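A.B. asks: Have a look at the structure that comes next, please.
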Amino acid sequence: MFLGLAAEDWNAVAASAAASIASVLLSLPFGLALGWMLARRPFRGKWAVETFLNLPLVLPPIVTGYLLLTLLGRTSWIGGILDRTWGIRIAFTWSAVVLAGAVMGFPLMVRSIRLAFQGTDPRLYQAARSLGARPFDAFWSVSLPLARNGVLAGAVLAFARSLGEFGATLMFAANQPDHRTLSLQIYTLWTEPKPGYELRMWLLVIASIVLAAGALAVSEYLERRGARRESA
């Protein structure tokens with residue numbers, strides 16, 4: 001025991017942090033591309049894309065986890081092909097924890113990135129293109145630096161959402177000791193009480209609140225800083 005927490009509690013905190021970071025790294029390239037497209041490119045069916053994107057925010061997380069399991073489980077079409085062809089298994093593994101967190105945090109990331117790109121002057125991007133810059137070069141050297149605070153804020157929000165994920169992770173990755181997250185550890189302590197479990201639960205709850213509040217504070221600071229730069 002250290003600071004009232006057992007080794008498995010610390011492992012759960014570390015696992016949550018590692019999975020949340022991996023989730024952000026996995027989803028950030030797709031978030032940038034989709035955020036840019038929604039902010040800058042009018043296209044048919046845009047409302048459908050936005051609706052589908054935001055479904056994880058309104059669906060019960062357990063439903064999202066079940067859909068992931070249906071798509072990527074070993075007996076599913078996609079999961080079966082991955083397993084038989086390359087020996088890749090996602091469901092009930094560490095990868096499932098990361099993917100569940102990425103899916104649940106993705107809508108928040110894209111929303112923040114889209115708003116950040118909408119807040120930049122598109123004429124600067126067009127000026128770079130008129131001077132001979134390729135689309136990706138203009139995006140990388142002009143649009144992205146201008147929107148970086150919003151992009152970082154979106155990444156932090158996605159990190160916080162992934163850190164607090166429970167339902168989709170429980171369904172898609174299961175509650176296994178080798179990749180048990182902070183939320184799952186609290187659930188385990190409640191359903192399988194051991195001596196001193198109440199103190200450990202409260203300490204983990206406090207740790208969750210501190211981490212979530214810290215992430216939200218950082219995200220708010222980055223968004224306000226970006227807004228000040230745009231108004232300057």
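Chain lettering (A, B, ...) mirrors the order of the structure tokens, residue numbering begins at 1 for each chain separately, and ligand numbering begins at 1 in order of display.
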For Val218 of chain A, please output as a list of chain:residue names all residues within 10 Å (counting only C-alpha atoms; exclusion window: fewer than 5 positions along the same chain).
C.D. replies: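 In the requested format, the answer is A:Leu152, A:Ala153, A:Val156, A:Leu157, A:Ala212, A:Ala213, A:Glu223, A:Arg224.
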A.B. asks: So which residues touch segment 163-174 of chain A within 6 Å, counting only C-alpha atoms, skipping near sequence neighbours fewer than 5 positions away, as a list in words?
C.D. replies: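 Once the nearby chain positions are removed, what remains is Ser16, Ser20, Pro61, Ile62, Thr64, Gly65, Leu69, Ala91, Phe92, Thr93, Ala96, Val97, Ala100 and Ser183 of chain A.
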A.B. asks: Using only C-alpha atoms, which of the listed residues (A:Phe117, A:Thr181, A:Ala39, A:Pro135) sits closest to Ser162 of chain A?
C.D. replies: A:Thr181
A.B. asks: A:Ala102, A:Leu182, A:Leu5, A:Leu146: which is nearest Arg161 of chain A, counting only C-alpha atoms?
C.D. replies: A:Ala102
A.B. asks: Pick out the closest residue to Tyr221 of chain A from this set: A:Ser76, A:Gln126, A:Asn149, A:Gln118. Count only C-alpha atoms.
C.D. replies: A:Asn149
A.B. asks: Restricting the calculation to only C-alpha atoms: of A:Ser112, A:Leu131, A:Val151, A:Ala12, which residue gets closest to Gln176 of chain A?
C.D. replies: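 Of A:Ser112, A:Leu131, A:Val151, A:Ala12, the one nearest Gln176 of chain A, counting only C-alpha atoms, is A:Ala12.
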A.B. asks: Run DSSP on the backbone of this structure and report the residues of segment 70-176 of chain A it assigns to helix (DSSP H, G or I), as number ranges by chain.
C.D. replies: A: 70-72, 77-86, 94-118, 122-130, 135-146, 148-163, 167-172
A.B. asks: Just the residues within 7 Å of segment 199-208 of chain A, please, counting only C-alpha atoms, with nothing from its chain fewer than 3 positions along; format it as a list in words.
C.D. replies: Gly4, Leu5, Ile186, Leu189, Gly196, Leu211 and Ala212 of chain A
A.B. asks: The selected residues should be written to file as a compact mmCIF listing (two decimals), in the first residue's frame (atoms: C-alpha atoms).
C.D. replies:
```
# COMPACT_ATOMS: atom_id res chain seq x y z
CA GLY A 4 -3.70 4.32 0.88
CA LEU A 5 -3.75 2.71 -2.57
CA ILE A 186 -13.50 1.52 -8.92
CA LEU A 189 -13.68 -2.52 -5.70
CA GLY A 196 -10.15 -1.21 3.17
CA LEU A 211 -7.43 14.52 -13.30
CA ALA A 212 -10.70 15.44 -15.02
```
A.B. asks: Write out as a list in words the residues lying within 12 Å of Val142 of chain A, counting only C-alpha atoms and excluding same-chain residues fewer than 6 positions away.
C.D. replies: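 Those residues are Phe117, Thr120, Asp121, Pro122, Arg123, Leu124, Tyr125, Gln126, Ala127, Ala128, Arg129, Ala133, Arg134, Pro135, Phe136 and Arg148 of chain A.
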A.B. asks: Generate a file of the selected residues that holds N, CA and C atoms, formatted as a short mmCIF file (atom, residue, chain, number, x, y, z; two decimals), in the first residue's frame.
C.D. replies:
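Final output, result.cif:
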```cif
data_model
loop_
_atom_site.label_atom_id
_atom_site.label_comp_id
_atom_site.auth_asym_id
_atom_site.auth_seq_id
_atom_site.Cartn_x
_atom_site.Cartn_y
_atom_site.Cartn_z
N PHE A 117 -10.66 25.90 -36.49
CA PHE A 117 -10.43 26.22 -37.90
C PHE A 117 -11.43 27.26 -38.40
N THR A 120 -10.28 30.82 -37.75
CA THR A 120 -9.13 31.38 -38.47
C THR A 120 -9.59 32.01 -39.78
N ASP A 121 -8.83 32.97 -40.26
CA ASP A 121 -9.18 33.68 -41.50
C ASP A 121 -8.81 32.81 -42.70
N PRO A 122 -9.79 32.35 -43.48
CA PRO A 122 -9.48 31.49 -44.63
C PRO A 122 -8.67 32.20 -45.71
N ARG A 123 -8.67 33.52 -45.69
CA ARG A 123 -7.91 34.25 -46.71
C ARG A 123 -6.41 34.04 -46.56
N LEU A 124 -5.97 33.77 -45.34
CA LEU A 124 -4.54 33.50 -45.14
C LEU A 124 -4.13 32.19 -45.82
N TYR A 125 -4.99 31.19 -45.71
CA TYR A 125 -4.74 29.92 -46.39
C TYR A 125 -4.76 30.13 -47.90
N GLN A 126 -5.74 30.89 -48.38
CA GLN A 126 -5.84 31.15 -49.82
C GLN A 126 -4.64 31.94 -50.32
N ALA A 127 -4.14 32.86 -49.51
CA ALA A 127 -2.96 33.63 -49.91
C ALA A 127 -1.75 32.72 -50.05
N ALA A 128 -1.60 31.78 -49.12
CA ALA A 128 -0.48 30.83 -49.22
C ALA A 128 -0.61 29.98 -50.47
N ARG A 129 -1.84 29.57 -50.80
CA ARG A 129 -2.04 28.78 -52.01
C ARG A 129 -1.73 29.59 -53.25
N ALA A 133 2.00 27.51 -52.60
CA ALA A 133 2.04 26.43 -51.61
C ALA A 133 1.02 25.36 -51.97
N ARG A 134 1.42 24.12 -51.80
CA ARG A 134 0.48 23.03 -52.01
C ARG A 134 -0.54 23.01 -50.88
N PRO A 135 -1.69 22.36 -51.11
CA PRO A 135 -2.74 22.36 -50.07
C PRO A 135 -2.25 21.89 -48.70
N PHE A 136 -1.49 20.80 -48.67
CA PHE A 136 -1.02 20.29 -47.38
C PHE A 136 -0.01 21.26 -46.76
N ARG A 148 -3.83 26.11 -33.49
CA ARG A 148 -3.18 25.11 -32.63
C ARG A 148 -3.77 25.07 -31.22
#
```
A.B. asks: Kindly assemble as a Markdown table a list of the segment 40-63 of chain A residues that lie within 12 Å of segment 106-109 of chain A, each paired with its nearest atom pair and their distance in Å to one decimal, using only C-alpha atoms, sorted first by chain and then by ascending residue number.
C.D. replies:
```
| residue | atom | partner | partner_atom | distance |
| --- | --- | --- | --- | --- |
| A:Val49 | CA | A:Pro107 | CA | 11.2 |
| A:Glu50 | CA | A:Pro107 | CA | 9.0 |
| A:Thr51 | CA | A:Pro107 | CA | 10.1 |
| A:Phe52 | CA | A:Pro107 | CA | 9.5 |
| A:Leu53 | CA | A:Pro107 | CA | 5.9 |
| A:Asn54 | CA | A:Pro107 | CA | 5.5 |
| A:Leu55 | CA | A:Pro107 | CA | 8.3 |
| A:Pro56 | CA | A:Pro107 | CA | 7.3 |
| A:Leu57 | CA | A:Pro107 | CA | 7.2 |
| A:Val58 | CA | A:Pro107 | CA | 10.6 |
```
